[in-house]
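Q: File start.cif follows (mmCIF, C-alpha atoms):
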```cif
data_work
loop_
_atom_site.label_atom_id
_atom_site.label_comp_id
_atom_site.auth_asym_id
_atom_site.auth_seq_id
_atom_site.Cartn_x
_atom_site.Cartn_y
_atom_site.Cartn_z
CA MET B 1 8.95 -4.15 0.92
CA LYS B 2 5.43 -4.34 2.34
CA ASN B 3 4.35 -6.66 -0.46
CA SER B 4 7.32 -8.98 0.18
CA ILE B 5 6.47 -9.17 3.87
CA LEU B 6 2.82 -9.89 3.07
CA ILE B 7 3.72 -12.64 0.59
CA ALA B 8 6.12 -14.23 3.09
CA ALA B 9 3.44 -14.13 5.81
CA LEU B 10 0.87 -15.75 3.50
CA LEU B 11 3.34 -18.46 2.50
CA LEU B 12 4.11 -19.24 6.14
CA ALA B 13 0.38 -19.38 6.92
CA THR B 14 -0.17 -21.75 3.99
CA LEU B 15 2.63 -24.02 5.17
CA ALA B 16 1.28 -24.07 8.72
CA LEU B 17 -2.39 -24.53 7.77
CA PRO B 18 -2.48 -28.38 7.75
CA SER B 19 -1.48 -28.42 11.42
CA PHE B 20 -4.58 -26.47 12.48
CA VAL B 21 -7.48 -27.86 10.40
CA ASP B 22 -9.40 -31.13 10.27
CA ALA B 23 -9.79 -33.42 7.24
CA SER B 24 -12.87 -31.69 5.80
CA HIS B 25 -11.33 -28.22 5.95
CA LEU B 26 -8.07 -29.60 4.57
CA ASN B 27 -9.98 -30.93 1.58
CA MET B 28 -11.48 -27.49 1.02
CA ALA B 29 -7.99 -25.98 1.19
CA ILE B 30 -6.87 -28.46 -1.50
CA LEU B 31 -9.81 -27.43 -3.69
CA VAL B 32 -8.86 -23.75 -3.23
CA LEU B 33 -5.25 -24.45 -4.24
CA MET B 34 -6.28 -26.51 -7.28
CA ALA B 35 -8.79 -23.90 -8.48
CA ALA B 36 -6.19 -21.17 -7.95
CA GLN B 37 -3.65 -23.08 -10.03
CA LEU B 38 -6.12 -23.42 -12.90
CA GLY B 39 -6.96 -19.73 -12.66
CA VAL B 40 -3.28 -18.81 -12.78
CA ALA B 41 -2.83 -21.10 -15.81
CA TRP B 42 -5.81 -19.47 -17.56
CA ASN B 43 -4.45 -16.03 -16.67
CA MET B 44 -1.45 -16.55 -18.96
CA LEU B 45 -3.79 -16.41 -21.94
CA GLY B 46 -6.83 -14.48 -20.73
CA GLY B 47 -5.11 -12.07 -18.34
CA TYR B 48 -1.82 -11.18 -20.03
CA ALA B 49 -2.60 -11.78 -23.70
CA GLY B 50 -6.26 -10.74 -23.40
CA GLN B 51 -7.70 -13.82 -25.16
CA VAL B 52 -10.76 -14.96 -23.20
CA SER B 53 -10.99 -18.73 -23.54
CA LEU B 54 -14.07 -20.61 -22.33
CA GLY B 55 -12.81 -24.00 -23.49
CA HIS B 56 -9.88 -24.65 -21.18
CA ALA B 57 -11.54 -27.74 -19.76
CA ALA B 58 -10.36 -29.52 -22.92
CA PHE B 59 -6.74 -29.16 -21.77
CA PHE B 60 -7.59 -30.03 -18.17
CA GLY B 61 -9.46 -33.13 -19.28
CA LEU B 62 -6.78 -34.21 -21.73
CA GLY B 63 -4.20 -34.06 -18.93
CA ALA B 64 -6.44 -36.12 -16.64
CA TYR B 65 -7.19 -38.75 -19.30
CA THR B 66 -3.60 -39.00 -20.54
CA SER B 67 -2.02 -39.72 -17.16
CA THR B 68 -4.86 -42.07 -16.15
CA LEU B 69 -4.85 -44.07 -19.38
CA LEU B 70 -1.07 -44.38 -19.41
CA LEU B 71 -1.19 -45.66 -15.83
CA LEU B 72 -4.05 -48.10 -16.46
CA LYS B 73 -2.97 -49.47 -19.83
CA PHE B 74 0.82 -49.28 -19.68
CA GLY B 75 1.76 -48.79 -16.03
CA VAL B 76 3.39 -45.42 -16.75
CA ASN B 77 4.29 -43.42 -13.65
CA PRO B 78 1.75 -40.57 -13.09
CA TRP B 79 4.54 -37.98 -12.88
CA ILE B 80 5.64 -38.91 -16.38
CA GLY B 81 2.02 -39.21 -17.49
CA ALA B 82 1.34 -35.67 -16.28
CA LEU B 83 4.22 -34.28 -18.36
CA ILE B 84 3.05 -36.23 -21.42
CA GLY B 85 -0.47 -34.93 -20.86
CA GLY B 86 0.89 -31.39 -20.69
CA ALA B 87 2.80 -31.90 -23.94
CA LEU B 88 -0.31 -33.33 -25.68
CA SER B 89 -2.37 -30.40 -24.44
CA ALA B 90 0.20 -28.00 -25.87
CA LEU B 91 -0.19 -29.82 -29.19
CA LEU B 92 -3.99 -29.64 -28.92
CA SER B 93 -3.62 -25.91 -28.36
CA LEU B 94 -2.25 -25.66 -31.90
CA ALA B 95 -5.65 -26.84 -33.18
CA PHE B 96 -7.32 -24.34 -30.85
CA GLY B 97 -5.13 -21.56 -32.15
CA TRP B 98 -5.54 -22.46 -35.81
CA SER B 99 -9.32 -22.55 -35.55
CA CYS B 100 -9.98 -19.79 -32.99
CA PHE B 101 -7.34 -17.08 -33.39
CA ARG B 102 -8.88 -16.12 -36.72
CA LEU B 103 -11.70 -14.63 -34.62
CA LYS B 104 -11.79 -11.76 -32.14
CA GLY B 105 -13.64 -10.83 -28.97
CA HIS B 106 -16.74 -12.80 -28.09
CA TYR B 107 -16.48 -14.75 -31.35
CA PHE B 108 -13.16 -16.15 -30.13
CA ALA B 109 -14.70 -17.11 -26.77
CA MET B 110 -17.60 -18.89 -28.48
CA ALA B 111 -15.22 -20.72 -30.80
CA THR B 112 -13.23 -22.06 -27.83
CA ILE B 113 -16.47 -23.41 -26.32
CA ALA B 114 -17.25 -25.17 -29.61
CA VAL B 115 -13.81 -26.81 -29.83
CA ALA B 116 -14.00 -27.92 -26.18
CA GLU B 117 -17.44 -29.43 -26.80
CA LEU B 118 -16.01 -31.45 -29.69
CA VAL B 119 -13.31 -32.80 -27.37
CA GLN B 120 -15.95 -33.74 -24.78
CA ILE B 121 -18.06 -35.52 -27.41
CA PHE B 122 -15.00 -37.47 -28.52
CA PHE B 123 -14.27 -38.74 -25.01
CA ASN B 124 -17.96 -39.50 -24.43
CA GLU B 125 -17.88 -41.85 -27.41
CA TRP B 126 -14.33 -43.23 -27.08
CA GLU B 127 -14.72 -46.73 -25.63
CA TYR B 128 -10.97 -47.18 -25.09
CA GLY B 129 -11.09 -44.18 -22.76
CA GLY B 130 -14.08 -45.46 -20.83
CA ALA B 131 -16.62 -43.43 -22.84
CA ALA B 132 -19.34 -41.86 -20.66
CA VAL B 133 -18.75 -44.46 -17.90
CA GLY B 134 -15.38 -42.98 -17.01
CA LEU B 135 -12.18 -44.42 -15.57
CA TYR B 136 -11.04 -45.37 -12.09
CA VAL B 137 -7.47 -44.75 -10.95
CA PRO B 138 -6.05 -47.90 -9.32
CA MET B 139 -4.85 -47.73 -5.71
CA ASP B 140 -2.62 -50.81 -5.72
CA LYS B 141 0.55 -48.67 -5.82
CA GLN B 142 0.74 -45.90 -3.26
CA GLY B 143 3.30 -43.33 -2.19
CA TRP B 144 4.94 -40.24 -3.63
CA LEU B 145 6.39 -42.18 -6.55
CA TRP B 146 2.89 -43.06 -7.76
CA MET B 147 1.16 -39.88 -6.56
CA ASN B 148 -1.40 -41.98 -4.72
CA PHE B 149 -2.13 -41.69 -1.00
CA ALA B 150 -4.57 -42.94 1.61
CA THR B 151 -4.82 -39.52 3.30
CA LYS B 152 -5.48 -35.98 2.06
CA LEU B 153 -2.38 -34.29 3.44
CA PRO B 154 0.04 -35.28 0.61
CA TYR B 155 -2.44 -33.94 -1.95
CA TYR B 156 -2.33 -30.60 -0.14
CA TRP B 157 1.44 -30.41 -0.61
CA LEU B 158 1.13 -31.49 -4.25
CA ALA B 159 -1.53 -28.86 -4.93
CA LEU B 160 0.52 -26.19 -3.17
CA GLY B 161 3.67 -27.17 -5.07
CA LEU B 162 1.88 -27.09 -8.42
CA LEU B 163 0.37 -23.69 -7.60
CA VAL B 164 3.79 -22.29 -6.65
CA LEU B 165 5.27 -23.71 -9.88
CA THR B 166 2.51 -22.12 -11.98
CA LEU B 167 2.86 -18.81 -10.14
CA ALA B 168 6.63 -18.91 -10.77
CA ALA B 169 6.00 -19.46 -14.49
CA ASN B 170 3.57 -16.51 -14.52
CA TRP B 171 6.07 -14.37 -12.65
CA TRP B 172 8.72 -15.21 -15.23
CA VAL B 173 6.33 -14.44 -18.09
CA GLU B 174 5.38 -11.12 -16.47
CA ARG B 175 8.98 -9.97 -16.34
CA SER B 176 10.26 -11.42 -19.60
CA TYR B 177 9.84 -10.07 -23.11
CA LEU B 178 6.86 -12.42 -23.47
CA GLY B 179 4.98 -10.45 -20.86
CA TYR B 180 5.60 -7.18 -22.71
CA TYR B 181 4.52 -8.76 -25.99
CA PHE B 182 1.39 -10.26 -24.43
CA ARG B 183 0.34 -6.95 -22.87
CA ALA B 184 1.00 -5.12 -26.13
CA ILE B 185 -1.20 -7.63 -27.98
CA LYS B 186 -3.91 -7.18 -25.36
CA ASP B 187 -3.88 -3.38 -25.15
CA GLU B 188 -2.69 -2.17 -28.56
CA PRO B 189 -2.68 -4.99 -31.15
CA ASP B 190 -2.34 -2.62 -34.11
CA ALA B 191 0.63 -0.85 -32.53
CA ALA B 192 2.18 -4.22 -31.63
CA ARG B 193 1.83 -5.37 -35.22
CA SER B 194 3.34 -2.14 -36.51
CA VAL B 195 6.55 -2.67 -34.51
CA GLY B 196 7.02 -6.18 -35.84
CA ILE B 197 5.40 -8.39 -33.18
CA ASN B 198 3.95 -11.54 -34.75
CA ILE B 199 0.57 -11.45 -33.01
CA ALA B 200 -0.60 -14.90 -34.09
CA ARG B 201 2.66 -16.52 -32.96
CA TYR B 202 2.69 -14.98 -29.50
CA LYS B 203 -1.00 -15.64 -28.94
CA GLN B 204 -0.17 -19.27 -29.67
CA VAL B 205 2.74 -19.19 -27.20
CA ALA B 206 0.41 -17.86 -24.50
CA LEU B 207 -2.19 -20.52 -25.30
CA SER B 208 0.34 -23.37 -25.30
CA LEU B 209 1.82 -22.33 -21.94
CA SER B 210 -1.66 -21.99 -20.47
CA ALA B 211 -2.73 -25.37 -21.85
CA PHE B 212 0.36 -27.13 -20.47
CA PHE B 213 -0.23 -25.97 -16.90
CA ALA B 214 -3.99 -26.60 -17.10
CA ALA B 215 -3.21 -30.19 -18.11
CA LEU B 216 -0.92 -30.62 -15.10
CA GLY B 217 -3.85 -29.55 -12.95
CA GLY B 218 -6.01 -32.17 -14.65
CA SER B 219 -3.50 -34.94 -13.89
CA LEU B 220 -3.42 -33.96 -10.22
CA TYR B 221 -7.23 -33.92 -10.11
CA ALA B 222 -7.38 -37.46 -11.49
CA GLN B 223 -4.92 -38.73 -8.89
CA LYS B 224 -6.78 -37.02 -6.06
CA GLU B 225 -10.34 -37.99 -7.00
CA LEU B 226 -9.39 -41.49 -8.31
CA PHE B 227 -12.16 -41.25 -10.91
CA ILE B 228 -12.69 -39.20 -14.07
CA ASP B 229 -15.39 -38.99 -16.71
CA PRO B 230 -16.20 -36.44 -19.44
CA GLY B 231 -18.78 -34.74 -17.22
CA SER B 232 -16.30 -34.05 -14.44
CA VAL B 233 -13.16 -33.01 -16.35
CA LEU B 234 -14.45 -31.68 -19.69
CA SER B 235 -17.55 -29.67 -18.79
CA THR B 236 -18.20 -26.11 -19.94
CA ALA B 237 -18.92 -25.15 -16.31
CA LEU B 238 -15.33 -26.06 -15.45
CA SER B 239 -14.01 -23.84 -18.25
CA ILE B 240 -16.13 -20.96 -17.00
CA LYS B 241 -14.88 -21.52 -13.46
CA MET B 242 -11.24 -21.27 -14.57
CA ALA B 243 -11.96 -17.93 -16.23
CA LEU B 244 -14.11 -16.64 -13.38
CA VAL B 245 -11.46 -17.39 -10.75
CA ALA B 246 -9.03 -15.09 -12.57
CA ILE B 247 -11.64 -12.46 -13.50
CA LEU B 248 -13.01 -12.29 -9.95
CA GLY B 249 -9.58 -11.87 -8.37
CA GLY B 250 -8.14 -9.61 -11.06
CA VAL B 251 -7.05 -10.54 -14.58
CA GLY B 252 -3.48 -9.81 -15.53
CA THR B 253 -2.31 -9.86 -11.90
CA LEU B 254 -0.09 -12.49 -10.35
CA PHE B 255 -2.15 -13.27 -7.24
CA GLY B 256 -5.59 -12.28 -8.52
CA PRO B 257 -6.60 -15.90 -9.33
CA VAL B 258 -5.57 -16.99 -5.82
CA VAL B 259 -7.87 -14.40 -4.25
CA GLY B 260 -10.65 -15.30 -6.67
CA SER B 261 -10.27 -18.99 -5.85
CA ILE B 262 -10.61 -18.38 -2.11
CA VAL B 263 -13.82 -16.39 -2.60
CA LEU B 264 -15.38 -18.62 -5.26
CA THR B 265 -14.55 -21.96 -3.61
CA SER B 266 -15.93 -20.70 -0.30
CA ILE B 267 -19.20 -19.75 -2.01
CA GLU B 268 -19.35 -23.15 -3.75
CA GLU B 269 -18.84 -25.05 -0.51
CA PHE B 270 -21.44 -22.90 1.25
CA THR B 271 -24.07 -23.61 -1.41
CA ARG B 272 -23.20 -27.32 -1.36
CA ILE B 273 -23.76 -27.46 2.39
CA VAL B 274 -26.98 -25.41 2.25
CA PHE B 275 -28.62 -26.98 -0.80
CA GLY B 276 -27.02 -30.43 -0.84
CA GLY B 277 -28.19 -32.65 -3.69
CA THR B 278 -31.10 -30.31 -4.48
CA GLY B 279 -28.76 -27.53 -5.57
CA ARG B 280 -27.65 -28.94 -8.91
CA GLY B 281 -26.88 -26.15 -11.31
CA THR B 282 -26.49 -23.64 -8.47
CA ASP B 283 -22.81 -23.25 -9.30
CA VAL B 284 -23.63 -22.20 -12.87
CA ILE B 285 -26.16 -19.65 -11.59
CA ILE B 286 -23.54 -18.28 -9.20
CA TYR B 287 -20.94 -18.10 -11.98
CA ALA B 288 -23.32 -16.20 -14.28
CA THR B 289 -24.41 -13.78 -11.54
CA MET B 290 -20.84 -13.04 -10.50
CA ILE B 291 -19.73 -12.46 -14.09
CA ILE B 292 -22.54 -9.89 -14.51
CA LEU B 293 -21.73 -8.13 -11.22
CA ILE B 294 -18.00 -8.02 -11.96
CA ALA B 295 -18.53 -6.74 -15.50
CA VAL B 296 -20.85 -3.95 -14.27
CA TYR B 297 -19.26 -2.86 -10.98
CA TYR B 298 -15.70 -4.25 -10.67
CA PRO B 299 -14.25 -4.96 -14.14
CA MET B 300 -10.72 -5.02 -12.66
CA GLY B 301 -11.62 -7.68 -10.07
CA ILE B 302 -11.00 -7.70 -6.33
CA LEU B 303 -7.32 -6.76 -6.51
CA GLY B 304 -8.12 -4.04 -9.02
CA TRP B 305 -10.71 -2.62 -6.61
CA VAL B 306 -8.21 -2.78 -3.72
CA LYS B 307 -5.60 -0.96 -5.82
CA SER B 308 -8.14 1.68 -6.82
CA PHE B 309 -9.21 2.12 -3.19
CA LYS B 310 -5.59 2.61 -2.08
CA GLU B 311 -5.00 5.14 -4.85
CA ARG B 312 -8.12 7.13 -3.87
CA ARG B 313 -7.12 7.07 -0.20
CA ALA B 314 -3.58 8.20 -1.06
CA ALA B 315 -5.00 11.00 -3.23
CA ARG B 316 -7.26 12.16 -0.38
CA ALA B 317 -4.35 12.05 2.07
CA ASP B 318 -2.18 14.03 -0.34
CA ALA B 319 -4.95 16.62 -0.83
CA SER B 320 -5.40 16.94 2.96
CA ARG B 321 -1.65 17.39 3.39
CA GLN B 322 -1.55 20.12 0.76
CA VAL B 323 -4.47 21.94 2.41
CA ALA B 324 -2.74 21.70 5.81
CA GLU B 325 0.53 23.03 4.36
CA HIS B 326 -1.29 25.87 2.66
CA ALA B 327 -3.09 26.77 5.88
CA ALA B 328 0.16 26.64 7.86
CA GLY B 329 1.83 28.92 5.32
CA ALA B 330 -1.05 31.37 5.32
CA ALA B 331 -1.10 31.76 9.12
CA PRO B 332 2.34 33.48 9.46
CA MET B 333 1.41 35.87 6.63
CA GLN B 334 -1.79 36.93 8.41
CA SER B 335 0.18 37.39 11.64
CA ALA B 336 2.76 39.57 9.90
CA LYS B 337 0.03 41.77 8.40
CA GLY B 338 -1.52 42.24 11.87
CA GLU B 339 1.83 43.43 13.31
CA VAL B 340 2.20 46.07 10.61
#
```
Is it possible to give me this structure as structure tokens?

A:
Amino acid sequence: MKNSILIAALLLATLALPSFVDASHLNMAILVLMAAQLGVAWNMLGGYAGQVSLGHAAFFGLGAYTSTLLLLKFGVNPWIGALIGGALSALLSLAFGWSCFRLKGHYFAMATIAVAELVQIFFNEWEYGGAAVGLYVPMDKQGWLWMNFATKLPYYWLALGLLVLTLAANWWVERSYLGYYFRAIKDEPDAARSVGINIARYKQVALSLSAFFAALGGSLYAQKELFIDPGSVLSTALSIKMALVAILGGVGTLFGPVVGSIVLTSIEEFTRIVFGGTGRGTDVIIYATMIILIAVYYPMGILGWVKSFKERRAARADASRQVAEHAAGAAPMQSAKGEV
């Protein structure tokens, strides 16, 4: 009940936020929502199925390039382009799965980086896709139909809607048989295999779902920024950020990536303001430092720490209650002995 009230309060606050902030803070809120959506998408694979991918920028970038190229070359509506980009990313995930799921642990993570780097090299050299120069999204058609606006506010609602959609998909996965299969593969793969779960198949399902939603995030990014290039939508730093958002907030939890996005985006914006153009590479340093700190001190992330803190406090309260009850029970016995 308390959780439902808290979620409702947060949703109301999110809906009311645009009425109380200026354009610069609204843009930061959009960045938080977009990063959270990518973290939630990554969480389907890395959080529930336990497969740590550091190459998810390939799916994000493919979604951005697909919707942009279809709009530029063929006049395809960006909403349709986003769905096509998601479908192509799901197909690309088959190549990821075929090449990477043969490996385990850190070898799998390194393999995903290698595959993502190959995708980035391809787009750097592909002249039809703008190569290293990149592509500009035209602004001649504006409005909700074309996902193109002169102000930031509509992008806030789009980012919020996409985050809610991705959260709903995660919620469904959590409570469906897929969620049980994913957690079994993550925690006890040998036991899962012994009861007939096809581990390779369900890892691929997790990867394809994750890739689809990451691609939708890439399409929204392209429409918001109006420019994409391999460095902005296919970088390894972006892949690491997607993973770190979920890891920081709490992997395998529904709202962990949202919490992680709020913290990480706030730190990013702070360093951008403090260092400005001289702080290039600061984000990577921050990512690396936070990964080390989380791995050493808070492997379950912020929400995991909060849960642990609540459990310790409840245990202390229960112990205090038992001591008080024991003392109250002992007092009448001592009184009775004194009367005798």

Q: Which one is closest to B:Thr236: B:Asn27, B:Thr166, B:Ser194, B:Ser53? Count all atoms listed in the file.

A: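 Closest to B:Thr236 of all the choices is B:Ser53.
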
Q: So which residues touch B:Phe123 within 12 Å, counting all atoms listed in the file, skipping near sequence neighbours fewer than 3 positions away, as number ranges by chain?

A: B: 58, 61-62, 64-66, 116-120, 126-135, 228-235

Q: Specify the axis-aligned box that encloses all atoms of stretch 102-115 of chain B listed in the file after padding of 6 Å on each side, stating its centre and edge lengths in Å to one decimal as AutoDock Vina command-line options.

A:
```
--center_x -13.2 --center_y -18.8 --center_z -31.5 --size_x 20.7 --size_y 28.0 --size_z 22.4
```

Q: Could you tell me how far atom CA of B:Thr253 lies from atom CA of B:Phe213, in Å and to one decimal?

A: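 One can read the atom CA of B:Thr253 to atom CA of B:Phe213 distance as 17.0 Å.
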
Q: What is the atom CA of B:Lys186-atom CA of B:Phe255 distance in Å, reported with one decimal?

A: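 Between atom CA of B:Lys186 and atom CA of B:Phe255 the gap is 19.2 Å.
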
Q: Using all atoms listed in the file for the distances, tell me which of B:Ala327, B:Ala35, B:Leu209, B:Ile113 is nearest to B:Val245.

A: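 Smallest separation from B:Val245 among the options: B:Ala35.
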
Q: Counting only C-alpha atoms, which of B:His326, B:Thr68, B:Ala49, B:Leu12 gets nearest to B:Pro138?

A: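 Once distances to B:Pro138 are computed over only C-alpha atoms, the minimum belongs to B:Thr68.
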
Q: Compute the distance from (5.7, -36.1, -21.3) to each atom, counting all atoms listed in the file, keep the residues with any atom at most 12 Å away, and return them as a ChimeraX atom specification; use the coordinates of the file.

A: /B:63,66-67,70,76-91,212,215-216,219

Q: Let's have the selection written as a PDB file, keeping the file's coordinate frame, with C-alpha atoms.

A:
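Result went into result_29.pdb, see below:
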```
ATOM      1  CA  GLY B  63      -4.200 -34.060 -18.930  1.00  0.00           C
ATOM      2  CA  THR B  66      -3.600 -39.000 -20.540  1.00  0.00           C
ATOM      3  CA  SER B  67      -2.020 -39.720 -17.160  1.00  0.00           C
ATOM      4  CA  LEU B  70      -1.070 -44.380 -19.410  1.00  0.00           C
ATOM      5  CA  VAL B  76       3.390 -45.420 -16.750  1.00  0.00           C
ATOM      6  CA  ASN B  77       4.290 -43.420 -13.650  1.00  0.00           C
ATOM      7  CA  PRO B  78       1.750 -40.570 -13.090  1.00  0.00           C
ATOM      8  CA  TRP B  79       4.540 -37.980 -12.880  1.00  0.00           C
ATOM      9  CA  ILE B  80       5.640 -38.910 -16.380  1.00  0.00           C
ATOM     10  CA  GLY B  81       2.020 -39.210 -17.490  1.00  0.00           C
ATOM     11  CA  ALA B  82       1.340 -35.670 -16.280  1.00  0.00           C
ATOM     12  CA  LEU B  83       4.220 -34.280 -18.360  1.00  0.00           C
ATOM     13  CA  ILE B  84       3.050 -36.230 -21.420  1.00  0.00           C
ATOM     14  CA  GLY B  85      -0.470 -34.930 -20.860  1.00  0.00           C
ATOM     15  CA  GLY B  86       0.890 -31.390 -20.690  1.00  0.00           C
ATOM     16  CA  ALA B  87       2.800 -31.900 -23.940  1.00  0.00           C
ATOM     17  CA  LEU B  88      -0.310 -33.330 -25.680  1.00  0.00           C
ATOM     18  CA  SER B  89      -2.370 -30.400 -24.440  1.00  0.00           C
ATOM     19  CA  ALA B  90       0.200 -28.000 -25.870  1.00  0.00           C
ATOM     20  CA  LEU B  91      -0.190 -29.820 -29.190  1.00  0.00           C
ATOM     21  CA  PHE B 212       0.360 -27.130 -20.470  1.00  0.00           C
ATOM     22  CA  ALA B 215      -3.210 -30.190 -18.110  1.00  0.00           C
ATOM     23  CA  LEU B 216      -0.920 -30.620 -15.100  1.00  0.00           C
ATOM     24  CA  SER B 219      -3.500 -34.940 -13.890  1.00  0.00           C
TER      25      SER B 219
END
```

Q: Please expand the PyMOL selection byres ((chain B and resi 173-182) around 10) into the concrete residues it hits in this file, giving the result as a ChimeraX atom specification.

A: /B:44-51,167-172,183-189,192,197-199,202-203,205-206,209,252-254

Q: When the PyMOL selection byres ((chain B and resi 42) around 8) is applied to the structure above, which residues does it catch, written out as a PyMOL selection string?

A: chain B and resi 38-41+43-47+53+56+210-211+214+242-243+246

Q: In Å, how far is it from atom CA of B:Gln37 to atom CA of B:Ala114?

A: 23.9 Å
